[in-house]
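Working notes, beginning with the structure itself.
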Amino acid sequence: MENQPIPASELIINPDGSIYHLHLKPEHLASTVFTVGDPDRVALVSQYFDQIDFKTQKREFVTHTGWKNGKRVTVMSTGMGTDNIEILMTELDALVNVDLETRLIKAEKTSLQIIRIGTSGSMQADLPVGTMLASEIGVGMDTLMTYYPEINEDQSMAKIIQKELGLPFLPYQAAASAILLDKLDEEIVKGVTLTCPGFYAPQGREVRLKPRLERMIERLAGLRFGDKRLTNFEMETAGYYALGKLLGHEMLSLNAIVANRPLKKFDKEAEKSVDRLIQAALKLLR
């Protein structure tokens, strides 16, 4: 595929030359990209930019590109779930590593820095709401990576989780960018994030339907992997990390803990917690 044009059916380009879902052209994208799940949260990030040069929206993908601290930066929304992340990561990568006119993969590859700013629930009682947490490792409970090449990283956590829950498939495991982790202030704690393919039963919640996995949170919270433990649930991080590893991008997921599941508490000041996390994330541009 490296020396052959990518067919129009495989990589769809809009009539205006923008990539299909994101509706972006290469010149619209900065090398540092902040992502948020909620389209309404894009403006909450870009309000801190020194200037905004470009805005667009297509489906759930809202994009603002501008400048902060003398550096060009993009913020965009993704919607929820690793299925959306697969679209996002593939198309962001194509914008920088495929010539959209010739449809040829570029010989010289570009590595983006992609930083997720999201909300999450803690599965440990001692991680209170309001905590800011960086995911050192993401473990995916979805089956996205069944369709992609194997990740050349330690999968021991994934195997232990599969055995504990009796899952019919093997979860996947991938680590954050060491470069980006090293830039974080000490106020952001580090943890291991479990990425789930849903918000309710896949995260142990019961509304009208009873989850098939009994005592899921308690069982997962009690697991130990040497000196590490699972810290929080959400729906995107592992997909980011796994695809980022395969495509050669620097990835980091930052989480505002807005729910403590063992204590059954929700953050009454969740909006303020998210704003604190946004400002902490933008410090990475120093």
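Just remember, in the structure tokens the first chain shown is A, the second B, etc., residues are 1-based per chain, and ligands are 1-based in the order shown.
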
Determine, using only C-alpha atoms, which residues of segment 101-187 of chain A have any atom at most 10 Å from an atom of segment 262-279 of chain A, and tabulate each with its shortest atom pair and distance in Å to one decimal place, rows ordered by chain and then rising number, as a tab-separated table.
residue	atom	partner	partner_atom	distance
A:Arg116	CA	A:Ile278	CA	9.8
A:Ile117	CA	A:Ile278	CA	6.7
A:Gly118	CA	A:Val274	CA	7.7
A:Thr119	CA	A:Val274	CA	7.3
A:Gly121	CA	A:Phe266	CA	8.7
A:Ser122	CA	A:Pro262	CA	7.9
A:Met123	CA	A:Pro262	CA	6.1
A:Gln124	CA	A:Pro262	CA	6.5
A:Ala125	CA	A:Pro262	CA	5.6
A:Asp126	CA	A:Pro262	CA	9.3
A:Leu127	CA	A:Pro262	CA	9.9
A:Pro128	CA	A:Lys265	CA	8.6
A:Val129	CA	A:Asp267	CA	5.4
A:Gly130	CA	A:Ser273	CA	5.5
A:Thr131	CA	A:Ser273	CA	7.9
A:Met132	CA	A:Leu277	CA	6.5
A:Leu133	CA	A:Leu277	CA	9.0

Give me, as CSV, each residue of segment 159-198 of chain A that comes within 7 Å of segment 235-250 of chain A, together with its shortest interatomic pair and the distance in Å at one decimal, counting only C-alpha atoms, with rows ordered by chain and rising residue number.
residue,atom,partner,partner_atom,distance
A:Gln173,CA,A:Ala238,CA,6.8
A:Ala174,CA,A:Ala242,CA,5.4
A:Ala175,CA,A:Tyr241,CA,6.2
A:Ala176,CA,A:Tyr241,CA,6.2
A:Ser177,CA,A:Glu250,CA,5.2
A:Thr195,CA,A:Met235,CA,4.7
A:Cys196,CA,A:Met235,CA,5.0
A:Pro197,CA,A:Met235,CA,6.2
A:Gly198,CA,A:Met235,CA,6.8

### Secondary structure check, strand (DSSP E) residues of segment 15-82 of chain A, as a ChimeraX atom specification
/A:32-36,51-58,61-68,71-77

Export, as an mmCIF file, in the first residue's frame, the selected residues with N, CA and C atoms.
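Written output follows (part-v1.cif):
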data_model
loop_
_atom_site.group_PDB
_atom_site.id
_atom_site.type_symbol
_atom_site.label_atom_id
_atom_site.label_comp_id
_atom_site.auth_asym_id
_atom_site.auth_seq_id
_atom_site.Cartn_x
_atom_site.Cartn_y
_atom_site.Cartn_z
ATOM 1 N N THR A 32 -0.139 19.906 17.455
ATOM 2 C CA THR A 32 -0.625 19.576 18.787
ATOM 3 C C THR A 32 -2.140 19.664 18.768
ATOM 4 N N VAL A 33 -2.797 18.562 19.128
ATOM 5 C CA VAL A 33 -4.255 18.477 19.040
ATOM 6 C C VAL A 33 -4.820 18.092 20.406
ATOM 7 N N PHE A 34 -5.680 18.937 20.942
ATOM 8 C CA PHE A 34 -6.438 18.593 22.136
ATOM 9 C C PHE A 34 -7.795 18.051 21.690
ATOM 10 N N THR A 35 -8.243 16.993 22.328
ATOM 11 C CA THR A 35 -9.546 16.432 21.967
ATOM 12 C C THR A 35 -10.459 16.381 23.183
ATOM 13 N N VAL A 36 -11.743 16.573 22.934
ATOM 14 C CA VAL A 36 -12.781 16.484 23.961
ATOM 15 C C VAL A 36 -13.926 15.665 23.378
ATOM 16 N N GLN A 51 -5.567 33.430 19.980
ATOM 17 C CA GLN A 51 -6.385 33.771 18.827
ATOM 18 C C GLN A 51 -6.880 32.478 18.172
ATOM 19 N N ILE A 52 -8.009 32.576 17.458
ATOM 20 C CA ILE A 52 -8.573 31.441 16.725
ATOM 21 C C ILE A 52 -8.623 31.826 15.257
ATOM 22 N N ASP A 53 -8.024 30.990 14.405
ATOM 23 C CA ASP A 53 -7.939 31.282 12.979
ATOM 24 C C ASP A 53 -8.932 30.487 12.137
ATOM 25 N N PHE A 54 -9.402 29.366 12.673
ATOM 26 C CA PHE A 54 -10.220 28.474 11.850
ATOM 27 C C PHE A 54 -11.234 27.745 12.722
ATOM 28 N N LYS A 55 -12.476 27.654 12.225
ATOM 29 C CA LYS A 55 -13.520 26.878 12.887
ATOM 30 C C LYS A 55 -14.305 26.092 11.843
ATOM 31 N N THR A 56 -14.680 24.873 12.187
ATOM 32 C CA THR A 56 -15.581 24.114 11.329
ATOM 33 C C THR A 56 -16.321 23.083 12.168
ATOM 34 N N GLN A 57 -17.413 22.554 11.602
ATOM 35 C CA GLN A 57 -18.171 21.499 12.269
ATOM 36 C C GLN A 57 -18.728 20.550 11.226
ATOM 37 N N LYS A 58 -18.577 19.253 11.470
ATOM 38 C CA LYS A 58 -19.178 18.201 10.646
ATOM 39 C C LYS A 58 -19.585 17.077 11.582
ATOM 40 N N PHE A 61 -17.976 16.243 15.040
ATOM 41 C CA PHE A 61 -16.594 16.715 15.005
ATOM 42 C C PHE A 61 -16.548 18.233 14.825
ATOM 43 N N VAL A 62 -16.326 18.948 15.923
ATOM 44 C CA VAL A 62 -16.174 20.406 15.913
ATOM 45 C C VAL A 62 -14.690 20.712 16.083
ATOM 46 N N THR A 63 -14.159 21.600 15.251
ATOM 47 C CA THR A 63 -12.721 21.896 15.280
ATOM 48 C C THR A 63 -12.478 23.391 15.361
ATOM 49 N N HIS A 64 -11.590 23.799 16.270
ATOM 50 C CA HIS A 64 -11.061 25.160 16.333
ATOM 51 C C HIS A 64 -9.538 25.063 16.278
ATOM 52 N N THR A 65 -8.913 25.864 15.427
ATOM 53 C CA THR A 65 -7.448 25.923 15.363
ATOM 54 C C THR A 65 -7.007 27.374 15.532
ATOM 55 N N GLY A 66 -5.974 27.550 16.340
ATOM 56 C CA GLY A 66 -5.476 28.906 16.578
ATOM 57 C C GLY A 66 -4.103 28.873 17.211
ATOM 58 N N TRP A 67 -3.847 29.827 18.108
ATOM 59 C CA TRP A 67 -2.519 29.966 18.702
ATOM 60 C C TRP A 67 -2.631 30.118 20.213
ATOM 61 N N LYS A 68 -1.669 29.522 20.914
ATOM 62 C CA LYS A 68 -1.565 29.649 22.365
ATOM 63 C C LYS A 68 -0.091 29.648 22.734
ATOM 64 N N LYS A 71 2.371 28.989 20.002
ATOM 65 C CA LYS A 71 2.342 27.689 19.340
ATOM 66 C C LYS A 71 0.983 27.464 18.699
ATOM 67 N N ARG A 72 0.995 26.968 17.467
ATOM 68 C CA ARG A 72 -0.264 26.657 16.788
ATOM 69 C C ARG A 72 -0.862 25.397 17.396
ATOM 70 N N VAL A 73 -2.179 25.433 17.654
ATOM 71 C CA VAL A 73 -2.821 24.345 18.374
ATOM 72 C C VAL A 73 -4.240 24.141 17.855
ATOM 73 N N THR A 74 -4.694 22.907 17.874
ATOM 74 C CA THR A 74 -6.051 22.549 17.464
ATOM 75 C C THR A 74 -6.778 21.929 18.645
ATOM 76 N N VAL A 75 -8.073 22.219 18.774
ATOM 77 C CA VAL A 75 -8.929 21.478 19.693
ATOM 78 C C VAL A 75 -10.128 20.995 18.892
ATOM 79 N N MET A 76 -10.517 19.748 19.121
ATOM 80 C CA MET A 76 -11.648 19.203 18.390
ATOM 81 C C MET A 76 -12.419 18.207 19.233
ATOM 82 N N SER A 77 -13.707 18.066 18.923
ATOM 83 C CA SER A 77 -14.551 17.100 19.629
ATOM 84 C C SER A 77 -14.614 15.801 18.843
#

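You can rank A:Ser156, A:Leu181, A:Ile19, A:Thr102 by their closest distance to Thr90 of chain A using only C-alpha atoms, and at the top of that list sits A:Ile19.
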
### Message
Applying 12 Å and only C-alpha atoms, which residues near segment 8-18 of chain A remain after dropping the ones on its own chain fewer than 5 positions away? List them as a list in words.
### Response
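Selected residues are Met1, His23, Leu24, Lys25, Pro26, Glu27, His28, Leu29, Thr56, Lys58, Ile87, Thr90, Glu91, Leu92, Asp93, Ala94, Leu95, Val98, Asp99, Leu100, Glu101, Thr102, Arg103, Leu104 and Ile105 of chain A.
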
### Message
Using Å and a single decimal, report how far atom CA of Asn260 of chain A sits from atom CA of Phe199 of chain A.
### Response
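Separating atom CA of Phe199 of chain A from atom CA of Asn260 of chain A is a distance of 14.3 Å.
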
### Task
Could you check how far atom CA of Thr78 of chain A sits from atom CA of Asn152 of chain A, in Å to one decimal?
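Spanning atom CA of Thr78 of chain A to atom CA of Asn152 of chain A is a straight-line distance of 26.2 Å.
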
### Message
Please compute the atom CA of Leu285 of chain A-atom CA of Gly70 of chain A distance, one decimal, in Å.
### Response
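Separating atom CA of Leu285 of chain A from atom CA of Gly70 of chain A is a distance of 8.9 Å.
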
#### Entry: Which of segment 78-267 of chain A DSSP labels alpha helix (DSSP H), written as a VMD selection string
chain A and resid 82 to 97 156 to 165 178 to 181 216 to 221 237 to 247
